[in-house]
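Visitor: Coordinates in final-v6.txt, compact mmCIF, C-alpha atoms and all ligand atoms, are listed below.
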```
# COMPACT_ATOMS: atom_id res chain seq x y z
CA MET A 1 0.00 0.00 0.00
CA SER A 2 1.10 3.60 -0.45
CA ASN A 3 2.08 3.54 3.21
CA SER A 4 5.52 2.09 2.51
CA LYS A 5 5.87 4.89 -0.05
CA SER A 6 5.22 7.55 2.59
CA LYS A 7 7.61 5.87 5.00
CA SER A 8 10.46 6.06 2.51
CA ASN A 9 9.53 9.71 1.88
CA GLU A 10 10.07 10.50 5.53
CA GLY A 11 13.50 8.85 5.42
CA ARG A 12 14.28 10.94 2.38
CA ARG A 13 13.28 14.16 4.11
CA ARG A 14 15.40 13.34 7.13
CA PHE A 15 18.33 12.65 4.81
CA ILE A 16 17.86 15.99 3.05
CA ARG A 17 17.70 17.93 6.35
CA ASN A 18 20.97 16.46 7.56
CA ALA A 19 22.85 16.25 4.29
CA SER A 20 26.16 17.96 3.59
CA LEU A 21 27.62 18.67 0.17
CA ALA A 22 29.57 15.41 0.36
CA THR A 23 26.50 13.32 1.19
CA PHE A 24 24.49 14.97 -1.62
CA SER A 25 27.31 14.16 -4.04
CA ALA A 26 27.54 10.60 -2.79
CA ALA A 27 23.79 10.09 -3.18
CA LEU A 28 23.84 11.58 -6.68
CA GLY A 29 26.82 9.43 -7.62
CA ALA A 30 28.37 12.56 -9.11
CA GLU A 31 30.35 15.52 -7.89
CA ILE A 32 28.26 18.71 -7.60
CA VAL A 33 30.75 20.69 -9.61
CA PHE A 34 30.01 24.22 -8.41
CA GLY A 35 28.65 22.96 -5.09
CA CYS A 36 30.78 25.43 -3.12
CA ASN A 37 28.60 28.22 -4.59
CA MET A 38 25.32 26.71 -3.34
CA PRO A 39 23.54 29.00 -0.84
CA LYS A 40 23.38 27.74 2.74
CA ASP A 41 20.59 25.15 3.27
CA TYR A 42 19.97 25.01 -0.47
CA VAL A 43 18.46 21.72 -1.60
CA PRO A 44 19.57 20.66 -5.09
CA VAL A 45 16.65 20.28 -7.48
CA ALA A 46 17.34 16.54 -7.76
CA PHE A 47 16.35 16.20 -4.09
CA LYS A 48 13.28 18.39 -4.12
CA GLU A 49 10.31 17.12 -2.10
CA ASP A 50 8.36 14.44 -3.81
CA ASP A 51 6.00 15.52 -6.45
CA PRO A 52 2.47 15.46 -4.92
CA TYR A 53 1.05 14.17 -8.19
CA GLN A 54 3.19 11.05 -7.89
CA LEU A 55 2.93 10.84 -4.13
CA PHE A 56 -0.88 10.85 -4.19
CA ASN A 57 -1.44 9.39 -7.64
CA LYS A 58 -3.20 12.54 -8.90
CA HIS A 59 -4.17 13.80 -12.33
CA LYS A 60 -1.93 16.62 -13.64
CA ASP A 61 -4.85 19.08 -13.72
CA LEU A 62 -5.28 19.10 -9.94
CA ILE A 63 -4.06 22.36 -8.41
CA VAL A 64 -1.83 22.37 -5.33
CA LEU A 65 -3.18 25.01 -2.91
CA ASN A 66 -0.88 24.18 -0.01
CA ASN A 67 1.83 21.66 0.83
CA LYS A 68 1.81 22.05 4.63
CA PRO A 69 -0.71 20.55 5.03
CA TRP A 70 -1.35 19.06 1.60
CA ASN A 71 -4.40 20.57 -0.07
CA LEU A 72 -5.09 19.87 -3.73
CA GLU A 73 -8.12 20.94 -5.68
CA SER A 74 -9.74 19.34 -8.68
CA GLN A 75 -11.26 21.15 -11.68
CA PRO A 76 -14.71 20.87 -13.27
CA HIS A 77 -13.48 19.43 -16.59
CA ILE A 78 -11.76 16.50 -14.86
CA LEU A 79 -14.80 15.76 -12.69
CA ASP A 80 -16.78 14.50 -15.67
CA ASP A 81 -16.82 10.84 -14.51
CA ARG A 82 -20.07 9.61 -13.00
CA VAL A 83 -18.09 8.13 -10.11
CA THR A 84 -15.04 10.17 -9.16
CA PRO A 85 -11.84 8.12 -9.52
CA GLU A 86 -9.04 8.50 -6.99
CA ASP A 87 -6.77 10.47 -9.28
CA LYS A 88 -9.32 13.26 -9.83
CA MET A 89 -10.43 13.64 -6.24
CA PHE A 90 -9.47 16.74 -4.23
CA ILE A 91 -7.42 16.38 -1.04
CA ARG A 92 -8.10 18.46 2.05
CA ASN A 93 -5.95 17.98 5.13
CA ASN A 94 -5.84 19.99 8.34
CA GLY A 95 -2.77 18.21 9.66
CA VAL A 96 -0.09 15.75 8.62
CA ILE A 97 -1.09 12.47 6.96
CA PRO A 98 -0.30 9.62 9.37
CA LYS A 99 2.65 7.35 8.66
CA ASP A 100 3.46 3.79 9.59
CA ILE A 101 -0.11 2.59 9.53
CA ASN A 102 -0.32 -0.99 10.69
CA VAL A 103 -3.65 -2.38 9.57
CA ARG A 104 -3.30 -5.50 11.70
CA ASN A 105 -3.17 -3.40 14.87
CA TRP A 106 -5.77 -0.89 13.75
CA ASN A 107 -8.63 -0.61 16.22
CA LEU A 108 -11.76 1.45 16.38
CA ILE A 109 -12.81 2.50 19.88
CA ILE A 110 -16.40 3.54 20.55
CA ASP A 111 -16.67 5.49 23.79
CA GLY A 112 -18.20 8.69 25.18
CA GLU A 113 -20.72 9.73 27.84
CA ALA A 114 -23.64 8.17 25.96
CA VAL A 115 -22.46 4.54 25.49
CA THR A 116 -23.44 1.86 27.99
CA SER A 117 -19.81 0.79 28.06
CA PRO A 118 -16.94 1.49 25.68
CA LYS A 119 -16.04 -1.14 23.13
CA THR A 120 -13.07 -1.76 20.82
CA TYR A 121 -13.23 -3.46 17.43
CA SER A 122 -10.31 -4.56 15.33
CA LEU A 123 -10.61 -3.79 11.65
CA SER A 124 -11.20 -7.46 10.82
CA GLU A 125 -13.89 -7.75 13.52
CA LEU A 126 -15.69 -4.76 12.05
CA LYS A 127 -15.58 -6.32 8.60
CA LYS A 128 -16.65 -9.77 9.85
CA LYS A 129 -19.35 -8.84 12.31
CA PHE A 130 -21.39 -6.30 10.36
CA LYS A 131 -23.08 -6.28 6.99
CA HIS A 132 -21.32 -4.39 4.21
CA TYR A 133 -22.96 -1.60 2.21
CA THR A 134 -21.79 0.46 -0.75
CA TYR A 135 -23.09 3.96 -1.48
CA GLN A 136 -21.99 6.65 -3.85
CA LEU A 137 -21.60 9.70 -1.60
CA THR A 138 -21.00 13.36 -2.40
CA LEU A 139 -18.27 14.95 -0.30
CA GLU A 140 -17.91 18.70 -0.66
CA CYS A 141 -15.61 20.84 1.46
CA GLY A 142 -17.54 23.55 3.32
CA GLY A 143 -15.03 26.06 1.91
CA ASN A 144 -15.46 25.07 -1.73
CA GLY A 145 -15.87 28.31 -3.73
CA ARG A 146 -14.29 30.45 -0.99
CA SER A 147 -12.09 32.31 -3.48
CA GLU A 148 -15.10 34.26 -4.81
CA PHE A 149 -16.06 35.98 -1.56
CA TYR A 150 -15.33 39.65 -1.05
CA PRO A 151 -13.98 40.82 1.34
CA PRO A 152 -11.84 37.68 1.08
CA ALA A 153 -11.95 35.04 3.77
CA SER A 154 -8.78 33.40 5.00
CA GLY A 155 -8.20 29.72 4.31
CA ASN A 156 -7.56 27.67 1.20
CA GLN A 157 -8.77 29.65 -1.80
CA TRP A 158 -10.85 26.86 -3.32
CA LYS A 159 -12.44 27.62 -6.66
CA THR A 160 -14.97 24.95 -7.65
CA GLY A 161 -12.98 21.72 -7.35
CA ALA A 162 -13.36 20.67 -3.69
CA VAL A 163 -16.08 18.12 -4.37
CA SER A 164 -16.10 14.41 -5.19
CA CYS A 165 -18.56 11.57 -5.43
CA ALA A 166 -16.93 8.15 -5.08
CA ASN A 167 -18.27 4.76 -4.11
CA TRP A 168 -17.68 4.06 -0.44
CA THR A 169 -17.95 0.58 1.06
CA GLY A 170 -18.13 -0.19 4.74
CA VAL A 171 -20.40 -1.00 7.63
CA ARG A 172 -23.19 1.21 8.88
CA LEU A 173 -22.22 3.36 11.84
CA LYS A 174 -25.71 2.75 13.25
CA ASP A 175 -25.19 -1.04 13.26
CA VAL A 176 -21.97 -0.59 15.24
CA LEU A 177 -23.52 1.94 17.65
CA ASN A 178 -26.46 -0.40 18.25
CA ASP A 179 -24.02 -3.23 18.94
CA VAL A 180 -22.19 -1.09 21.50
CA GLY A 181 -25.40 0.20 23.02
CA ILE A 182 -26.07 3.91 23.27
CA THR A 183 -28.18 5.70 25.86
CA ASP A 184 -30.95 8.20 25.17
CA GLU A 185 -28.57 10.93 26.29
CA ALA A 186 -26.77 10.70 22.93
CA VAL A 187 -26.91 13.95 20.96
CA TYR A 188 -23.76 13.95 18.81
CA ILE A 189 -20.86 11.80 17.74
CA GLY A 190 -17.29 13.07 17.46
CA TYR A 191 -14.45 11.43 15.55
CA HIS A 192 -10.82 11.09 16.58
CA ALA A 193 -8.20 10.26 13.99
CA ALA A 194 -4.56 9.35 13.52
CA ASP A 195 -3.35 12.43 11.65
CA VAL A 196 -0.83 14.67 13.39
CA HIS A 197 -1.19 18.34 14.37
CA LEU A 198 0.94 20.67 12.23
CA SER A 199 2.91 21.66 15.34
CA GLY A 200 3.95 18.02 15.73
CA ASN A 201 2.50 18.04 19.26
CA PRO A 202 1.05 14.53 19.79
CA ASP A 203 -1.41 15.86 22.40
CA LYS A 204 -3.11 18.14 19.88
CA GLU A 205 -5.60 16.97 17.28
CA PRO A 206 -5.66 18.79 13.91
CA ILE A 207 -9.42 18.28 13.66
CA SER A 208 -12.09 16.32 15.52
CA ARG A 209 -15.56 17.00 14.22
CA GLY A 210 -18.75 14.97 14.05
CA VAL A 211 -22.45 14.88 13.31
CA PRO A 212 -25.74 14.94 15.25
CA ILE A 213 -26.84 11.49 16.41
CA SER A 214 -29.71 11.53 13.88
CA LYS A 215 -27.17 11.83 11.04
CA ALA A 216 -24.96 9.17 12.64
CA MET A 217 -27.93 6.76 12.59
CA GLN A 218 -28.75 7.30 8.89
CA GLU A 219 -28.42 4.24 6.64
CA GLU A 220 -25.85 5.92 4.41
CA THR A 221 -23.50 6.98 7.21
CA LEU A 222 -20.62 4.55 6.91
CA LEU A 223 -17.48 3.40 8.60
CA ALA A 224 -15.80 2.83 5.27
CA PHE A 225 -12.82 0.63 4.53
CA ALA A 226 -12.95 0.78 0.73
CA MET A 227 -13.27 3.44 -1.93
CA ASN A 228 -14.19 2.59 -5.52
CA GLY A 229 -13.76 -1.10 -4.74
CA LYS A 230 -10.22 -0.91 -3.33
CA ASP A 231 -8.53 -0.06 -0.04
CA ILE A 232 -9.07 3.64 0.69
CA PRO A 233 -6.03 5.57 -0.64
CA LEU A 234 -3.79 6.85 2.17
CA ALA A 235 -4.56 10.53 1.50
CA HIS A 236 -8.30 9.83 1.72
CA GLY A 237 -8.30 8.07 5.07
CA TYR A 238 -6.76 4.59 4.87
CA PRO A 239 -7.58 2.23 6.50
CA LEU A 240 -10.90 3.45 7.98
CA ARG A 241 -13.00 6.54 7.40
CA LEU A 242 -16.26 7.95 8.63
CA VAL A 243 -18.30 8.99 5.60
CA ALA A 244 -21.30 11.25 6.14
CA GLY A 245 -22.34 12.38 2.64
CA GLY A 246 -24.36 15.57 2.22
CA PHE A 247 -22.75 17.27 5.23
CA PRO A 248 -19.60 19.40 4.86
CA ALA A 249 -16.84 16.88 4.12
CA SER A 250 -15.07 17.98 7.31
CA ALA A 251 -17.58 15.74 9.13
CA SER A 252 -16.15 12.69 7.33
CA GLY A 253 -13.15 11.88 9.50
CA LYS A 254 -10.24 10.18 7.74
CA TRP A 255 -7.84 7.72 9.47
CA LEU A 256 -10.57 6.99 12.00
CA GLU A 257 -9.49 5.55 15.38
CA ARG A 258 -12.23 6.50 17.79
CA ILE A 259 -15.82 7.68 17.86
CA SER A 260 -17.19 9.28 20.99
CA VAL A 261 -20.93 9.26 21.51
CA ARG A 262 -21.50 12.55 23.27
CA ASN A 263 -24.23 13.88 25.55
CA ILE A 264 -23.40 17.39 24.29
CA VAL A 265 -22.66 18.84 20.86
CA HIS A 266 -19.15 17.51 20.19
CA ASP A 267 -16.51 20.02 21.28
CA GLY A 268 -13.36 18.78 19.48
CA PRO A 269 -10.98 21.05 17.55
CA LYS A 270 -12.75 22.85 14.66
CA MET A 271 -16.22 22.30 16.13
CA ALA A 272 -16.24 25.70 17.85
CA ALA A 273 -16.97 29.01 16.09
CA PRO A 274 -15.93 30.25 13.63
CA SER A 275 -14.83 26.88 12.12
CA TYR A 276 -17.39 25.28 9.81
CA ARG A 277 -20.05 27.69 11.02
CA VAL A 278 -21.96 30.48 9.30
CA PRO A 279 -23.85 33.42 10.79
CA CYS A 280 -27.22 32.15 12.03
CA LYS A 281 -28.76 35.24 10.40
CA PRO A 282 -27.42 36.96 7.22
CA VAL A 283 -24.79 39.67 7.78
CA ALA A 284 -23.33 42.48 5.68
CA PRO A 285 -20.05 41.70 3.87
CA GLY A 286 -17.11 42.26 6.19
CA GLU A 287 -19.25 42.46 9.32
CA LYS A 288 -17.82 41.03 12.57
CA VAL A 289 -19.95 38.21 13.92
CA ALA A 290 -19.91 37.14 17.57
CA ASP A 291 -19.13 33.45 18.16
CA GLU A 292 -22.52 32.82 19.72
CA ASP A 293 -24.20 34.07 16.54
CA MET A 294 -22.46 31.43 14.39
CA CYS A 295 -24.34 28.16 13.63
CA ILE A 296 -22.87 24.77 12.72
CA ILE A 297 -23.22 23.87 9.03
CA GLU A 298 -25.23 20.68 8.57
CA SER A 299 -26.67 19.89 5.12
CA MET A 300 -24.69 21.44 2.26
CA PRO A 301 -26.73 23.68 -0.10
CA VAL A 302 -27.93 22.85 -3.63
CA LYS A 303 -25.17 23.12 -6.24
CA SER A 304 -24.09 21.96 -9.68
CA LEU A 305 -21.04 21.75 -11.89
CA ILE A 306 -20.69 21.75 -15.68
CA THR A 307 -18.07 19.08 -16.34
CA TYR A 308 -18.28 19.12 -20.14
CA PRO A 309 -17.15 21.05 -22.08
CA LYS A 310 -14.18 22.68 -20.40
CA THR A 311 -14.53 26.44 -20.04
CA GLY A 312 -13.11 28.21 -23.11
CA ALA A 313 -14.60 25.69 -25.54
CA MET A 314 -14.74 26.76 -29.21
CA ILE A 315 -17.53 25.49 -31.43
CA ARG A 316 -18.35 26.10 -35.07
CA SER A 317 -21.13 28.41 -36.07
CA GLY A 318 -24.40 26.48 -36.53
CA GLU A 319 -23.25 23.53 -34.41
CA SER A 320 -25.13 22.55 -31.30
CA LEU A 321 -23.37 21.77 -28.06
CA GLU A 322 -24.17 19.09 -25.52
CA VAL A 323 -23.29 20.26 -22.03
CA ARG A 324 -23.32 17.91 -19.06
CA GLY A 325 -22.43 17.76 -15.40
CA HIS A 326 -23.55 16.83 -11.92
CA ALA A 327 -25.86 18.39 -9.34
CA TRP A 328 -26.32 17.70 -5.63
CA ALA A 329 -28.25 19.17 -2.73
CA GLY A 330 -26.78 18.04 0.59
CA GLU A 331 -29.40 16.01 2.45
CA LEU A 332 -31.99 16.73 -0.22
CA GLU A 333 -32.46 15.68 -3.82
CA VAL A 334 -32.09 17.92 -6.86
CA SER A 335 -35.50 18.19 -8.50
CA GLU A 336 -34.79 20.56 -11.37
CA MET A 337 -31.77 21.52 -13.46
CA GLU A 338 -31.57 24.41 -15.90
CA VAL A 339 -28.99 26.11 -18.10
CA SER A 340 -28.87 29.63 -19.53
CA ILE A 341 -26.82 31.15 -22.38
CA ASP A 342 -28.06 34.72 -21.86
CA PHE A 343 -26.71 35.51 -18.37
CA GLY A 344 -29.77 34.15 -16.60
CA GLU A 345 -32.45 36.01 -18.59
CA THR A 346 -34.02 32.76 -19.82
CA TRP A 347 -33.47 29.16 -18.72
CA GLN A 348 -33.67 25.85 -20.54
CA GLN A 349 -34.59 22.61 -18.75
CA CYS A 350 -31.93 19.87 -18.65
CA GLN A 351 -32.43 16.14 -18.57
CA LEU A 352 -31.76 15.21 -14.96
CA GLU A 353 -31.17 11.68 -13.68
CA LYS A 354 -32.27 10.35 -10.31
CA PRO A 355 -29.43 9.73 -7.84
CA VAL A 356 -28.15 6.11 -7.73
CA ASN A 357 -28.78 6.32 -3.99
CA ARG A 358 -29.58 9.04 -1.45
CA LEU A 359 -26.72 11.57 -1.10
CA ALA A 360 -25.15 10.75 -4.49
CA TRP A 361 -24.80 13.49 -7.04
CA GLN A 362 -27.12 13.45 -10.06
CA HIS A 363 -26.14 13.75 -13.70
CA PHE A 364 -27.61 16.29 -16.13
CA LYS A 365 -27.27 17.10 -19.79
CA SER A 366 -28.74 19.52 -22.29
CA THR A 367 -28.23 20.41 -25.93
CA LEU A 368 -27.65 24.08 -26.62
CA LYS A 369 -28.10 26.07 -29.82
CA PHE A 370 -26.51 29.49 -30.19
CA PRO A 371 -28.26 32.20 -32.25
CA LYS A 372 -25.10 33.67 -33.82
CA GLU A 373 -21.31 33.81 -33.67
CA GLY A 374 -19.71 35.31 -30.60
CA TYR A 375 -18.90 34.90 -26.93
CA TYR A 376 -21.35 33.15 -24.64
CA GLU A 377 -21.45 31.91 -21.09
CA VAL A 378 -23.30 28.79 -20.06
CA TRP A 379 -24.70 29.10 -16.56
CA ALA A 380 -26.06 26.10 -14.68
CA LYS A 381 -28.71 26.28 -11.97
CA ALA A 382 -30.02 23.45 -9.80
CA THR A 383 -33.13 23.55 -7.63
CA ASP A 384 -33.59 21.26 -4.64
CA SER A 385 -36.65 19.26 -3.61
CA LYS A 386 -37.77 22.11 -1.32
CA GLY A 387 -37.76 24.55 -4.25
CA VAL A 388 -34.56 26.36 -3.27
CA ALA A 389 -32.43 27.28 -6.30
CA GLN A 390 -28.76 28.18 -6.60
CA PRO A 391 -28.15 31.94 -6.53
CA MET A 392 -26.84 33.39 -9.79
CA VAL A 393 -24.03 35.25 -8.05
CA VAL A 394 -22.09 34.74 -4.82
CA PRO A 395 -24.52 34.21 -1.96
CA GLY A 396 -24.49 35.50 1.61
CA TRP A 397 -21.03 36.64 2.68
CA ASN A 398 -19.79 34.97 5.84
CA PRO A 399 -16.56 35.44 7.82
CA LYS A 400 -14.96 32.10 6.86
CA GLY A 401 -16.15 31.94 3.26
CA TYR A 402 -18.28 28.80 3.41
CA LEU A 403 -21.18 27.58 1.27
CA ASN A 404 -20.62 29.46 -1.97
CA ASN A 405 -23.15 27.70 -4.18
CA ALA A 406 -23.38 30.33 -6.92
CA CYS A 407 -24.26 29.05 -10.40
CA HIS A 408 -21.28 27.51 -12.15
CA ARG A 409 -20.47 29.15 -15.46
CA ILE A 410 -18.27 28.34 -18.42
CA ALA A 411 -17.19 30.42 -21.43
CA VAL A 412 -18.01 29.23 -24.96
CA LYS A 413 -16.97 30.86 -28.23
CA VAL A 414 -18.99 30.26 -31.36
CA GLY A 415 -17.48 31.01 -34.78
N1 LIG B 1 -8.71 13.04 10.19
C1 LIG B 1 -9.04 14.00 9.32
N2 LIG B 1 -10.20 13.90 8.65
C2 LIG B 1 -10.56 14.85 7.77
C3 LIG B 1 -9.75 16.00 7.57
C4 LIG B 1 -8.53 16.08 8.28
O1 LIG B 1 -7.75 17.04 8.15
N3 LIG B 1 -8.22 15.06 9.15
N4 LIG B 1 -10.18 17.00 6.71
C5 LIG B 1 -11.62 17.08 6.51
C6 LIG B 1 -12.01 18.03 5.50
S1 LIG B 1 -12.04 19.66 5.96
C7 LIG B 1 -12.43 17.64 4.25
S2 LIG B 1 -13.04 18.75 3.14
C8 LIG B 1 -12.37 16.21 3.85
C9 LIG B 1 -11.56 16.02 2.58
O2 LIG B 1 -11.58 14.69 2.17
P1 LIG B 1 -10.60 14.17 1.04
O3 LIG B 1 -9.21 14.67 1.33
O4 LIG B 1 -10.69 12.68 1.05
O5 LIG B 1 -11.09 14.74 -0.27
O6 LIG B 1 -11.81 15.37 4.86
C10 LIG B 1 -12.19 15.71 6.17
N5 LIG B 1 -11.71 14.71 7.09
MO MO B 2 -13.21 20.81 4.27
```
Starting from the file, give its structure as structure tokens.

Guide:
Amino acid sequence: MSNSKSKSNEGRRRFIRNASLATFSAALGAEIVFGCNMPKDYVPVAFKEDDPYQLFNKHKDLIVLNNKPWNLESQPHILDDRVTPEDKMFIRNNGVIPKDINVRNWNLIIDGEAVTSPKTYSLSELKKKFKHYTYQLTLECGGNGRSEFYPPASGNQWKTGAVSCANWTGVRLKDVLNDVGITDEAVYIGYHAADVHLSGNPDKEPISRGVPISKAMQEETLLAFAMNGKDIPLAHGYPLRLVAGGFPASASGKWLERISVRNIVHDGPKMAAPSYRVPCKPVAPGEKVADEDMCIIESMPVKSLITYPKTGAMIRSGESLEVRGHAWAGELEVSEMEVSIDFGETWQQCQLEKPVNRLAWQHFKSTLKFPKEGYYEVWAKATDSKGVAQPMVVPGWNPKGYLNNACHRIAVKVG
């Protein structure tokens, strides 16, 4: 598994930190001819940190937003697959990806104030004891689209690519919780994981979020051990991950070691305001919001993405164009999908498929005809089963830049 890969990377980094000119030369098997001119602490290009594309097996069109921690975003035109493959899936980390994972010793502890008594399962017990389920689940980062907010919000400047919809296989969290036995005090679950705080302090968790008990008990909420039919890739939570589709993806804890069933709203790192919270009531752009006026994000809002063609497409005059993409609506279903070529003045209905299961994105397509040569934009607008549609422009500003579900748009030139 990629784990041995990451282990050798660590060795490599240690080597680079401690290397002298002589050791670099020895490792290269060649004299560094003008080595005496190298600036202090300079690392020769040949030893540069591993390429994230190779390290994480990612498509070349992913964009690296940060390397400490690793954050990589996808792009609409590579999200065209009905089921997102590993290489096109965004990566969002708050801390350092764990190393030296030993699957044979991997345990999941279920504890907390609201269990009758804590219980530990080995990975193989989990797989043996409980029925397996596979669901295609949409995972969108709460900060997807942040880059469009003004005044800008700090954090990764995601454009539109922090969303995926892969097949996840595992056991139902509710089956495991019922096996442990939970009390009627249970209000929330919180996850604890094996990743390491950026400070390196082993007593600090980079993130420990969770979901209300009602979400934990949903059929589609999984303790997953496989993604797209294989072991979960290391960057996406190997060997065990909580997957709670439809909620901000931060609720889906990777490298899962422990779940606490809480008698209060979970209070782990990044549960408190302002993290993953928005003002309970709309505020003016740039306004300061008191912590107690910030509410936890639960269901993600209705949204869609045009995945074909790529923005900037050129078509010949008189030709029609088939556009397609995906739409999703958090805990709800998408009931209507429309596209516009006149900046939202008129809208044309798309063909919209049903989701393969609850919380999976839905596919749409539509054939467009353009009245004459020139520059056009195709705008896409989804409406959820409660009748709420995507806003045409950036919605309610909020201090951390979450939940931008503005209509996706692509440029098309005819002529
Ligand atoms: N243990 C752990 N789980 C985590 C995170 C993390 O940093 N550590 N990041 C969360 C956030 S903010 C997001 S958006 C998703 C990203 O999932 P992915 O990297 O598999 O795409 O994982 C979530 N689960
Ligand atoms: Mo996220």

Visitor: With all atoms listed in the file as the counted atoms, please give the residues lying no more than 6 Å from segment 324-332 of chain A, apart from itself and same-chain residues fewer than 5 positions off, as an MDAnalysis selection string.

Guide: chainID A and resid 246 299:308 361:365

Visitor: Please list as a count of residues only every residue within 10 Å of Ile78 of chain A, counting all atoms listed in the file and excluding residues in the same chain fewer than 6 positions away.

Guide: 13

Visitor: Padding of 5 Å on every side, edges along x, y and z, all listed atoms of segment 29-33 of chain A included: what centre and edge lengths in Å, to one decimal, does that box have, as JSON?

Guide:
```
{"center_x": 28.8, "center_y": 15.1, "center_z": -8.6, "size_x": 13.9, "size_y": 21.3, "size_z": 12.0}
```

Visitor: For ligand LIG 1 (chain B), which residue out of A:Ser252, A:Thr160, A:Thr116, A:Ser124 is the nearest one, using all atoms listed in the file?

Guide: A:Ser252

Visitor: Show me which residues sit within 7 Å of ligand MO 2 (chain B) when counting all atoms listed in the file, and put them as a compact mmCIF listing (two decimals) with C-alpha atoms, keeping the file's coordinate frame.

Guide:
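Here's the written file part.txt:
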```
# COMPACT_ATOMS: atom_id res chain seq x y z
CA ARG A 92 -8.10 18.46 2.05
CA CYS A 141 -15.61 20.84 1.46
CA GLY A 142 -17.54 23.55 3.32
CA GLY A 143 -15.03 26.06 1.91
CA PRO A 248 -19.60 19.40 4.86
CA ALA A 249 -16.84 16.88 4.12
CA SER A 250 -15.07 17.98 7.31
```

Visitor: Just the residues within 8 Å of Ser164 of chain A, please, counting all atoms listed in the file, with nothing from its chain fewer than 3 positions along; format it as a PyMOL selection string.

Guide: chain A and resi 79+84+89-90+138-140

Visitor: Write out as a PyMOL selection string the residues lying within 10 Å of Pro371 of chain A, counting only C-alpha atoms and excluding same-chain residues fewer than 3 positions away.

Guide: chain A and resi 317-318+368+374+414

Visitor: So which one's closest to ligand LIG 1 (chain B), A:Trp70, A:Tyr135, A:Tyr376, A:Phe225? Using all atoms listed in the file, please.

Guide: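 Distance minimum relative to ligand LIG 1 (chain B) lands on A:Trp70.
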
Visitor: Excluding Ser335 of chain A and its own-chain neighbours fewer than 6 positions away, which residues fall within 9 Å of it when counting all atoms listed in the file? Please give them as a list in words.

Guide: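 So, after excluding close chain neighbours, the residues are Leu352, Lys354, Ala382, Thr383, Asp384, Ser385, Lys386 and Gly387 of chain A.
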
Visitor: Have a look at A:Leu28, A:Ala389, A:Leu359, A:Ile296 and name the one nearest to Glu338 of chain A; count all atoms listed in the file.

Guide: A:Ala389

Visitor: Can you work out the spacing between atom CA of Cys407 of chain A and atom CA of Glu377 of chain A in Å, to one decimal?

Guide: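 About the pair atom CA of Cys407 of chain A and atom CA of Glu377 of chain A: they are 11.4 Å apart.
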